[in-house]
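Structure data (mmCIF, C-alpha atoms) from data-v4.cif:
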```
data_target
loop_
_atom_site.label_atom_id
_atom_site.label_comp_id
_atom_site.auth_asym_id
_atom_site.auth_seq_id
_atom_site.Cartn_x
_atom_site.Cartn_y
_atom_site.Cartn_z
CA MET T 1 -12.35 9.48 35.82
CA ILE T 2 -15.88 8.47 34.78
CA LYS T 3 -17.04 12.09 35.10
CA LYS T 4 -14.14 13.27 32.90
CA ILE T 5 -14.89 10.63 30.27
CA LYS T 6 -18.59 11.52 30.12
CA GLU T 7 -17.95 15.26 29.89
CA ALA T 8 -15.45 14.77 27.05
CA VAL T 9 -17.86 12.42 25.25
CA GLU T 10 -20.77 14.84 25.57
CA PHE T 11 -18.71 17.70 24.16
CA ILE T 12 -17.43 15.66 21.22
CA LYS T 13 -20.96 14.55 20.39
CA SER T 14 -22.12 18.17 20.56
CA GLN T 15 -19.66 18.95 17.75
CA GLY T 16 -21.45 16.55 15.41
CA VAL T 17 -19.44 13.37 15.97
CA GLN T 18 -21.84 10.45 15.86
CA ASN T 19 -21.25 6.69 16.15
CA PRO T 20 -17.57 6.36 15.22
CA GLU T 21 -16.64 2.74 14.52
CA ILE T 22 -12.85 2.90 14.26
CA GLY T 23 -10.39 4.96 16.28
CA ILE T 24 -6.93 5.90 14.99
CA ILE T 25 -3.93 7.34 16.84
CA LEU T 26 -1.39 8.94 14.50
CA GLY T 27 2.21 9.18 15.68
CA THR T 28 5.21 11.46 15.21
CA GLY T 29 5.55 12.79 11.67
CA LEU T 30 2.51 10.77 10.60
CA GLY T 31 -1.03 11.76 9.73
CA ASN T 32 -0.76 14.45 7.06
CA LEU T 33 -1.53 11.99 4.28
CA PHE T 34 -3.89 9.77 6.25
CA THR T 35 -6.10 12.64 7.42
CA LYS T 36 -6.56 13.74 3.80
CA LYS T 37 -8.32 10.42 3.21
CA ILE T 38 -11.05 11.36 5.72
CA GLU T 39 -14.21 12.49 3.93
CA THR T 40 -16.57 15.15 5.32
CA PRO T 41 -14.21 15.81 8.24
CA ILE T 42 -15.14 17.42 11.53
CA GLU T 43 -12.07 18.82 13.28
CA ILE T 44 -11.93 19.54 17.01
CA GLU T 45 -8.92 21.10 18.70
CA TYR T 46 -7.76 19.14 21.74
CA SER T 47 -7.70 22.38 23.71
CA ALA T 48 -11.48 22.66 23.29
CA ILE T 49 -12.28 19.17 24.64
CA PRO T 50 -12.90 18.97 28.40
CA HIS T 51 -10.05 17.23 30.27
CA PHE T 52 -8.01 16.49 27.11
CA PRO T 53 -4.30 17.25 27.39
CA VAL T 54 -2.76 19.50 24.75
CA SER T 55 0.01 18.12 22.57
CA THR T 56 3.22 20.09 23.12
CA VAL T 57 5.33 18.31 20.48
CA GLU T 58 6.03 20.24 17.28
CA PHE T 59 5.19 17.33 14.99
CA HIS T 60 1.83 16.52 16.61
CA LYS T 61 -1.08 18.61 15.30
CA GLY T 62 -3.39 18.35 18.32
CA LYS T 63 -6.70 17.70 16.58
CA LEU T 64 -9.45 15.11 16.79
CA ILE T 65 -10.81 14.46 13.29
CA SER T 66 -14.06 12.63 12.60
CA GLY T 67 -15.31 11.53 9.20
CA GLU T 68 -15.56 8.62 6.79
CA ILE T 69 -12.98 6.31 5.22
CA ASN T 70 -13.94 3.36 3.02
CA GLY T 71 -17.55 3.64 4.12
CA LYS T 72 -16.72 3.51 7.84
CA GLN T 73 -17.01 6.26 10.44
CA VAL T 74 -13.57 6.98 11.91
CA LEU T 75 -12.25 9.14 14.73
CA ALA T 76 -8.57 10.03 14.34
CA MET T 77 -6.19 11.60 16.82
CA HIS T 78 -3.85 13.76 14.74
CA GLY T 79 -1.15 13.90 17.39
CA ARG T 80 -0.87 12.06 20.69
CA PHE T 81 0.42 12.69 24.19
CA HIS T 82 3.61 11.39 25.80
CA TYR T 83 4.84 10.72 29.30
CA TYR T 84 7.91 12.88 28.65
CA GLU T 85 5.66 15.91 28.11
CA GLY T 86 4.85 15.78 31.80
CA TYR T 87 1.47 14.09 31.55
CA SER T 88 0.47 11.15 33.71
CA ALA T 89 -0.37 7.78 32.21
CA ASP T 90 -4.03 8.50 33.08
CA GLN T 91 -3.98 11.70 31.04
CA ILE T 92 -2.17 10.11 28.10
CA THR T 93 -4.78 7.38 27.79
CA LEU T 94 -7.98 9.32 28.50
CA PRO T 95 -8.73 9.59 24.75
CA VAL T 96 -8.78 5.78 24.45
CA ARG T 97 -11.43 5.55 27.15
CA VAL T 98 -13.37 8.36 25.47
CA MET T 99 -13.23 6.55 22.11
CA LYS T 100 -14.56 3.39 23.70
CA GLU T 101 -17.42 5.32 25.32
CA LEU T 102 -18.24 6.91 21.96
CA GLY T 103 -18.73 3.43 20.50
CA VAL T 104 -15.41 2.78 18.77
CA LYS T 105 -14.99 -0.97 18.10
CA TYR T 106 -11.36 -1.10 16.88
CA LEU T 107 -8.26 0.98 17.59
CA LEU T 108 -5.50 1.42 15.01
CA ILE T 109 -2.24 2.95 16.28
CA SER T 110 0.92 4.21 14.60
CA ASN T 111 4.24 5.51 15.87
CA ALA T 112 7.75 6.39 14.81
CA ALA T 113 10.40 4.09 16.31
CA GLY T 114 14.11 3.40 16.28
CA ASN T 115 15.09 0.20 14.48
CA MET T 116 17.32 -2.15 16.52
CA ASN T 117 16.90 -5.23 14.32
CA LEU T 118 19.95 -5.29 12.05
CA ASN T 119 18.08 -7.39 9.48
CA TRP T 120 15.70 -4.50 8.83
CA HIS T 121 16.18 -0.97 7.49
CA LYS T 122 14.95 2.52 8.30
CA GLY T 123 11.96 3.51 6.21
CA GLU T 124 10.36 0.07 6.61
CA LEU T 125 7.33 -0.73 8.74
CA MET T 126 7.02 -3.04 11.74
CA LEU T 127 3.77 -4.65 12.83
CA ILE T 128 3.86 -4.86 16.61
CA ASP T 129 3.23 -8.38 17.86
CA ASP T 130 4.16 -7.72 21.50
CA HIS T 131 5.72 -5.05 23.69
CA ILE T 132 7.92 -4.36 26.71
CA ASN T 133 6.91 -1.52 29.02
CA LEU T 134 9.86 0.32 30.60
CA GLN T 135 7.99 3.48 31.51
CA PRO T 136 7.78 4.16 35.28
CA ASP T 137 4.01 4.69 35.30
CA ASN T 138 1.02 2.56 34.36
CA PRO T 139 -2.42 3.91 33.37
CA LEU T 140 -4.10 1.25 35.53
CA ARG T 141 -2.25 2.22 38.72
CA GLY T 142 -4.61 3.28 41.52
CA PRO T 143 -8.17 2.20 42.32
CA ASN T 144 -9.67 0.11 39.54
CA ILE T 145 -12.80 1.34 37.78
CA ASP T 146 -14.72 -1.91 37.59
CA SER T 147 -17.14 -0.57 34.99
CA GLN T 148 -14.18 0.02 32.65
CA GLY T 149 -12.44 -3.33 33.04
CA PRO T 150 -10.93 -5.89 35.44
CA ARG T 151 -8.36 -5.15 38.10
CA PHE T 152 -5.83 -7.51 36.48
CA PRO T 153 -6.41 -7.47 32.69
CA ASP T 154 -4.80 -10.25 30.69
CA MET T 155 -2.00 -9.15 28.35
CA SER T 156 -1.08 -12.47 26.74
CA GLN T 157 -2.12 -11.11 23.34
CA PRO T 158 -2.19 -7.30 23.61
CA TYR T 159 -2.36 -6.82 19.83
CA ASP T 160 -5.38 -8.41 18.20
CA LYS T 161 -4.49 -11.53 16.19
CA ARG T 162 -7.33 -11.01 13.71
CA LEU T 163 -6.32 -7.43 12.92
CA ASN T 164 -2.65 -8.38 12.61
CA ALA T 165 -3.50 -11.25 10.25
CA LYS T 166 -5.52 -8.91 8.03
CA LEU T 167 -2.66 -6.38 7.93
CA LYS T 168 -0.16 -9.07 6.92
CA THR T 169 -2.45 -10.20 4.11
CA ILE T 170 -2.92 -6.62 2.87
CA ALA T 171 0.84 -6.01 2.98
CA SER T 172 1.50 -9.16 0.97
CA GLN T 173 -1.09 -8.21 -1.64
CA ARG T 174 0.32 -4.68 -1.97
CA GLY T 175 3.97 -5.73 -1.92
CA ILE T 176 4.66 -3.72 1.23
CA THR T 177 7.49 -4.81 3.52
CA LEU T 178 5.85 -5.35 6.92
CA ASN T 179 8.26 -6.72 9.50
CA GLU T 180 6.79 -8.17 12.69
CA GLY T 181 8.38 -7.74 16.08
CA VAL T 182 8.54 -6.44 19.63
CA TYR T 183 8.30 -2.77 20.58
CA VAL T 184 9.85 -1.43 23.77
CA CYS T 185 8.48 1.75 25.32
CA VAL T 186 10.90 4.01 27.22
CA THR T 187 10.42 7.33 28.97
CA GLY T 188 12.34 9.72 26.69
CA PRO T 189 12.63 12.39 25.48
CA ASN T 190 16.35 11.76 24.93
CA LEU T 191 17.31 9.04 22.52
CA GLU T 192 19.25 6.03 23.77
CA THR T 193 22.94 5.52 24.42
CA ARG T 194 24.89 2.74 22.72
CA ALA T 195 24.77 0.69 25.92
CA GLU T 196 21.03 1.20 26.22
CA TYR T 197 20.46 0.00 22.64
CA ARG T 198 22.47 -3.13 23.42
CA PHE T 199 20.43 -3.71 26.58
CA LEU T 200 17.06 -3.19 24.86
CA SER T 201 18.02 -5.52 22.04
CA ARG T 202 19.18 -8.22 24.45
CA ILE T 203 15.90 -8.19 26.39
CA GLY T 204 14.03 -8.98 23.17
CA ALA T 205 13.04 -5.69 21.54
CA ASP T 206 13.24 -4.99 17.81
CA ALA T 207 12.21 -1.33 17.91
CA VAL T 208 12.19 1.40 20.57
CA GLY T 209 9.88 4.37 21.09
CA MET T 210 8.24 6.58 23.69
CA SER T 211 4.53 5.95 23.17
CA THR T 212 1.82 3.40 22.24
CA VAL T 213 2.16 0.99 25.18
CA PRO T 214 0.04 3.06 27.64
CA GLU T 215 -2.75 3.32 25.05
CA VAL T 216 -2.56 -0.43 24.33
CA ILE T 217 -2.75 -1.28 28.03
CA VAL T 218 -5.94 0.76 28.36
CA ALA T 219 -7.38 -0.64 25.14
CA ASN T 220 -6.97 -4.12 26.61
CA HIS T 221 -8.45 -2.96 29.92
CA VAL T 222 -11.63 -1.74 28.20
CA SER T 223 -11.77 -4.72 25.75
CA LEU T 224 -11.03 -2.64 22.66
CA PRO T 225 -9.23 -4.73 19.98
CA CYS T 226 -6.18 -2.88 18.73
CA CYS T 227 -3.22 -3.10 16.38
CA ALA T 228 -0.13 -0.93 15.97
CA ILE T 229 2.44 -0.27 13.27
CA SER T 230 5.82 1.39 13.81
CA VAL T 231 7.55 3.38 11.10
CA LEU T 232 11.24 2.56 11.53
CA THR T 233 12.75 6.01 11.19
CA ASP T 234 16.40 5.46 12.16
CA ASP T 235 18.84 2.58 12.48
CA CYS T 236 20.08 2.00 16.03
CA ASP T 237 23.19 -0.13 15.61
CA PRO T 238 25.27 0.51 18.74
CA ASP T 239 28.48 -0.43 16.95
CA ASN T 240 27.85 2.08 14.17
CA LEU T 241 25.70 4.70 15.88
CA LYS T 242 25.40 8.13 14.30
CA PRO T 243 23.95 11.24 15.96
CA ALA T 244 20.18 11.40 15.56
CA ASN T 245 18.85 13.86 13.02
CA ILE T 246 15.27 14.76 13.96
CA ASP T 247 14.57 16.43 10.61
CA GLU T 248 15.66 13.25 8.81
CA ILE T 249 13.51 11.13 11.13
CA ILE T 250 10.44 13.23 10.31
CA GLU T 251 11.24 13.09 6.59
CA ILE T 252 11.53 9.28 6.66
CA ALA T 253 8.26 9.02 8.61
CA GLY T 254 6.55 11.16 5.99
CA LYS T 255 7.76 8.97 3.13
CA ALA T 256 6.79 5.75 4.91
CA GLU T 257 3.35 7.14 5.63
CA VAL T 258 2.29 6.29 2.08
CA ALA T 259 2.54 2.54 2.78
CA LEU T 260 1.15 2.94 6.31
CA THR T 261 -1.87 4.83 4.98
CA ASP T 262 -2.52 2.17 2.33
CA LEU T 263 -2.45 -0.56 4.99
CA TYR T 264 -4.82 1.18 7.37
CA VAL T 265 -7.23 2.46 4.72
CA ASP T 266 -7.53 -1.07 3.32
CA LEU T 267 -7.95 -2.53 6.81
CA ILE T 268 -10.72 -0.06 7.64
CA GLY T 269 -12.61 -1.24 4.56
CA LEU T 270 -12.49 -4.82 5.88
CA LEU T 271 -13.78 -4.07 9.38
#
```

Give the structure from the file, written as structure tokens.
Amino acid sequence: MIKKIKEAVEFIKSQGVQNPEIGIILGTGLGNLFTKKIETPIEIEYSAIPHFPVSTVEFHKGKLISGEINGKQVLAMHGRFHYYEGYSADQITLPVRVMKELGVKYLLISNAAGNMNLNWHKGELMLIDDHINLQPDNPLRGPNIDSQGPRFPDMSQPYDKRLNAKLKTIASQRGITLNEGVYVCVTGPNLETRAEYRFLSRIGADAVGMSTVPEVIVANHVSLPCCAISVLTDDCDPDNLKPANIDEIIEIAGKAEVALTDLYVDLIGLL
């Protein structure tokens, strides 16, 4: 693992990426607007980076983009990897370890998620306060790399309180609806049945998706403060469930990206 991290880091540096301060992971249907905010961008295809997986999902671009936002050096993943694509949890989270090695001090994450909280509406945003991991793999399974982090990392506050507080303040100032809740991560790629939505809601989840949690686990392992925002792209009311429309989900994510981009651009300026 250490060898893979170092080789990826060396290659990325050789492409002109120097001293990134803030890492960003952009989720399904997100990133087209945000990446336009990056000044003097350097783009690197995932396929060119040693040991990086390649995104196989249509709505994930598969590029690492370095540049400047609000006076800060950022490194953005335009497209992420998922367990359902066939990758291991180790592979999915390698970029987080690479970001940390490159010097990234904060990690900002986004995703598209199904809304199970009947008090909220699709098109709104949810700040993740906590999560439930229902995926069958864990990126920390196997021998621990002591130089990366402890064998049993604490997860009592997986999402950084300071970052979340700043995001709530920005949302209030901008008049952006920012719900706060619990995200549950499932395997996918199929969406859930009515019974599964009822189960997930009863165990305490407000939104459901297929990503984010592996990256957050590793961020905590390597002591990288992180935050995450879900775009609520569809309403998952088991008593009134309609067939999922992927095109509509992507369209809603694209519209909500305006508010998401404002939140993260403002946050970057404060870090």

Between T:Gly103, T:Gly123, T:Gly142, T:Gly29, single out the one closest to Asp235 in chain T, counting all atoms listed in the file.
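With all atoms listed in the file as the atom set, the closest residue is T:Gly123.
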
Test item: residues at most 9 Å from range 11-20 of chain T, only C-alpha atoms, excluding those fewer than 6 positions along its chain, as a list in words:
Ile42, Glu43, Ile44, Ala48, Ile49, Pro50, Ser66, Gly67, Glu68, Lys72, Gln73, Val74, Leu75, Met99, Leu102, Gly103, Val104 and Lys105 of chain T

Looking at all atoms listed in the file, which of T:Cys227, T:Ala165, T:Met1, T:Ala207 is the one that sits closest to Gly114 in chain T?
T:Ala207

Quick one: distance from CA of Ala219 in chain T to CA of Asp160 in chain T in Å, one decimal?
10.6 Å

State, in Å with one decimal place, the distance from CA of Asn115 in chain T to CA of Gly181 in chain T.
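Atom-to-atom, CA of Asn115 in chain T to CA of Gly181 in chain T, that is 10.5 Å.
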
Evaluate the PyMOL selection byres ((chain T and resi 252) around 12) against this structure - the residues, as a PyMOL selection string, please.
chain T and resi 28-30+112-114+121-125+231-235+245-251+253-259

Keeping only C-alpha atoms, take the residues you just selected and write them out as a short mmCIF file (atom, residue, chain, number, x, y, z; two decimals), in the coordinates of the input.
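Writing done, so here's again_14.cif:
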```cif
data_model
loop_
_atom_site.label_atom_id
_atom_site.label_comp_id
_atom_site.auth_asym_id
_atom_site.auth_seq_id
_atom_site.Cartn_x
_atom_site.Cartn_y
_atom_site.Cartn_z
CA THR T 28 5.21 11.46 15.21
CA GLY T 29 5.55 12.79 11.67
CA LEU T 30 2.51 10.77 10.60
CA ALA T 112 7.75 6.39 14.81
CA ALA T 113 10.40 4.09 16.31
CA GLY T 114 14.11 3.40 16.28
CA HIS T 121 16.18 -0.97 7.49
CA LYS T 122 14.95 2.52 8.30
CA GLY T 123 11.96 3.51 6.21
CA GLU T 124 10.36 0.07 6.61
CA LEU T 125 7.33 -0.73 8.74
CA VAL T 231 7.55 3.38 11.10
CA LEU T 232 11.24 2.56 11.53
CA THR T 233 12.75 6.01 11.19
CA ASP T 234 16.40 5.46 12.16
CA ASP T 235 18.84 2.58 12.48
CA ASN T 245 18.85 13.86 13.02
CA ILE T 246 15.27 14.76 13.96
CA ASP T 247 14.57 16.43 10.61
CA GLU T 248 15.66 13.25 8.81
CA ILE T 249 13.51 11.13 11.13
CA ILE T 250 10.44 13.23 10.31
CA GLU T 251 11.24 13.09 6.59
CA ALA T 253 8.26 9.02 8.61
CA GLY T 254 6.55 11.16 5.99
CA LYS T 255 7.76 8.97 3.13
CA ALA T 256 6.79 5.75 4.91
CA GLU T 257 3.35 7.14 5.63
CA VAL T 258 2.29 6.29 2.08
CA ALA T 259 2.54 2.54 2.78
#
```

Who sits within 9 Å of Gln157 in chain T, only C-alpha atoms, same chain under 3 positions skipped, as a PDB file with C-alpha atoms, in the coordinates of the input:
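Dumped everything to selection01.pdb:
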```
ATOM      1  CA  ASP T 129       3.230  -8.380  17.860  1.00  0.00           C
ATOM      2  CA  ASP T 130       4.160  -7.720  21.500  1.00  0.00           C
ATOM      3  CA  ASP T 154      -4.800 -10.250  30.690  1.00  0.00           C
ATOM      4  CA  ASP T 160      -5.380  -8.410  18.200  1.00  0.00           C
ATOM      5  CA  LYS T 161      -4.490 -11.530  16.190  1.00  0.00           C
TER       6      LYS T 161
END
```

CA of Val182 in chain T and CA of Lys168 in chain T are how many Å apart?
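CA of Val182 in chain T sits 15.6 Å away from CA of Lys168 in chain T.
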
Could range 151-168 of chain T be completed with N, CA and C atoms and written as an mmCIF file, in the coordinates of the input, please?
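Saved file out-v6.cif follows:
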```
data_model
loop_
_atom_site.group_PDB
_atom_site.id
_atom_site.type_symbol
_atom_site.label_atom_id
_atom_site.label_comp_id
_atom_site.auth_asym_id
_atom_site.auth_seq_id
_atom_site.Cartn_x
_atom_site.Cartn_y
_atom_site.Cartn_z
ATOM 1 N N ARG T 151 -9.521 -5.622 37.352
ATOM 2 C CA ARG T 151 -8.360 -5.150 38.100
ATOM 3 C C ARG T 151 -7.048 -5.648 37.472
ATOM 4 N N PHE T 152 -7.045 -6.910 37.037
ATOM 5 C CA PHE T 152 -5.830 -7.510 36.480
ATOM 6 C C PHE T 152 -6.096 -7.988 35.043
ATOM 7 N N PRO T 153 -6.109 -7.071 34.081
ATOM 8 C CA PRO T 153 -6.410 -7.470 32.690
ATOM 9 C C PRO T 153 -5.316 -8.360 32.104
ATOM 10 N N ASP T 154 -5.737 -9.337 31.344
ATOM 11 C CA ASP T 154 -4.800 -10.250 30.690
ATOM 12 C C ASP T 154 -4.080 -9.515 29.556
ATOM 13 N N MET T 155 -2.777 -9.773 29.415
ATOM 14 C CA MET T 155 -2.000 -9.150 28.350
ATOM 15 C C MET T 155 -1.224 -10.202 27.543
ATOM 16 N N SER T 156 -1.765 -11.410 27.470
ATOM 17 C CA SER T 156 -1.080 -12.470 26.740
ATOM 18 C C SER T 156 -1.086 -12.236 25.232
ATOM 19 N N GLN T 157 -2.055 -11.459 24.753
ATOM 20 C CA GLN T 157 -2.120 -11.110 23.340
ATOM 21 C C GLN T 157 -2.607 -9.663 23.228
ATOM 22 N N PRO T 158 -1.739 -8.692 23.556
ATOM 23 C CA PRO T 158 -2.190 -7.300 23.610
ATOM 24 C C PRO T 158 -2.589 -6.722 22.256
ATOM 25 N N TYR T 159 -2.028 -7.282 21.173
ATOM 26 C CA TYR T 159 -2.360 -6.820 19.830
ATOM 27 C C TYR T 159 -3.214 -7.882 19.153
ATOM 28 N N ASP T 160 -4.363 -7.472 18.668
ATOM 29 C CA ASP T 160 -5.380 -8.410 18.200
ATOM 30 C C ASP T 160 -4.879 -9.282 17.042
ATOM 31 N N LYS T 161 -4.971 -10.588 17.211
ATOM 32 C CA LYS T 161 -4.490 -11.530 16.190
ATOM 33 C C LYS T 161 -5.225 -11.360 14.864
ATOM 34 N N ARG T 162 -6.528 -11.141 14.935
ATOM 35 C CA ARG T 162 -7.330 -11.010 13.710
ATOM 36 C C ARG T 162 -6.912 -9.767 12.928
ATOM 37 N N LEU T 163 -6.731 -8.656 13.600
ATOM 38 C CA LEU T 163 -6.320 -7.430 12.920
ATOM 39 C C LEU T 163 -4.922 -7.588 12.330
ATOM 40 N N ASN T 164 -4.014 -8.177 13.108
ATOM 41 C CA ASN T 164 -2.650 -8.380 12.610
ATOM 42 C C ASN T 164 -2.633 -9.289 11.382
ATOM 43 N N ALA T 165 -3.444 -10.332 11.397
ATOM 44 C CA ALA T 165 -3.500 -11.250 10.250
ATOM 45 C C ALA T 165 -3.998 -10.526 9.001
ATOM 46 N N LYS T 166 -4.995 -9.674 9.165
ATOM 47 C CA LYS T 166 -5.520 -8.910 8.030
ATOM 48 C C LYS T 166 -4.455 -7.963 7.484
ATOM 49 N N LEU T 167 -3.701 -7.311 8.372
ATOM 50 C CA LEU T 167 -2.660 -6.380 7.930
ATOM 51 C C LEU T 167 -1.553 -7.119 7.170
ATOM 52 N N LYS T 168 -1.194 -8.306 7.622
ATOM 53 C CA LYS T 168 -0.160 -9.070 6.920
ATOM 54 C C LYS T 168 -0.631 -9.487 5.532
#
```
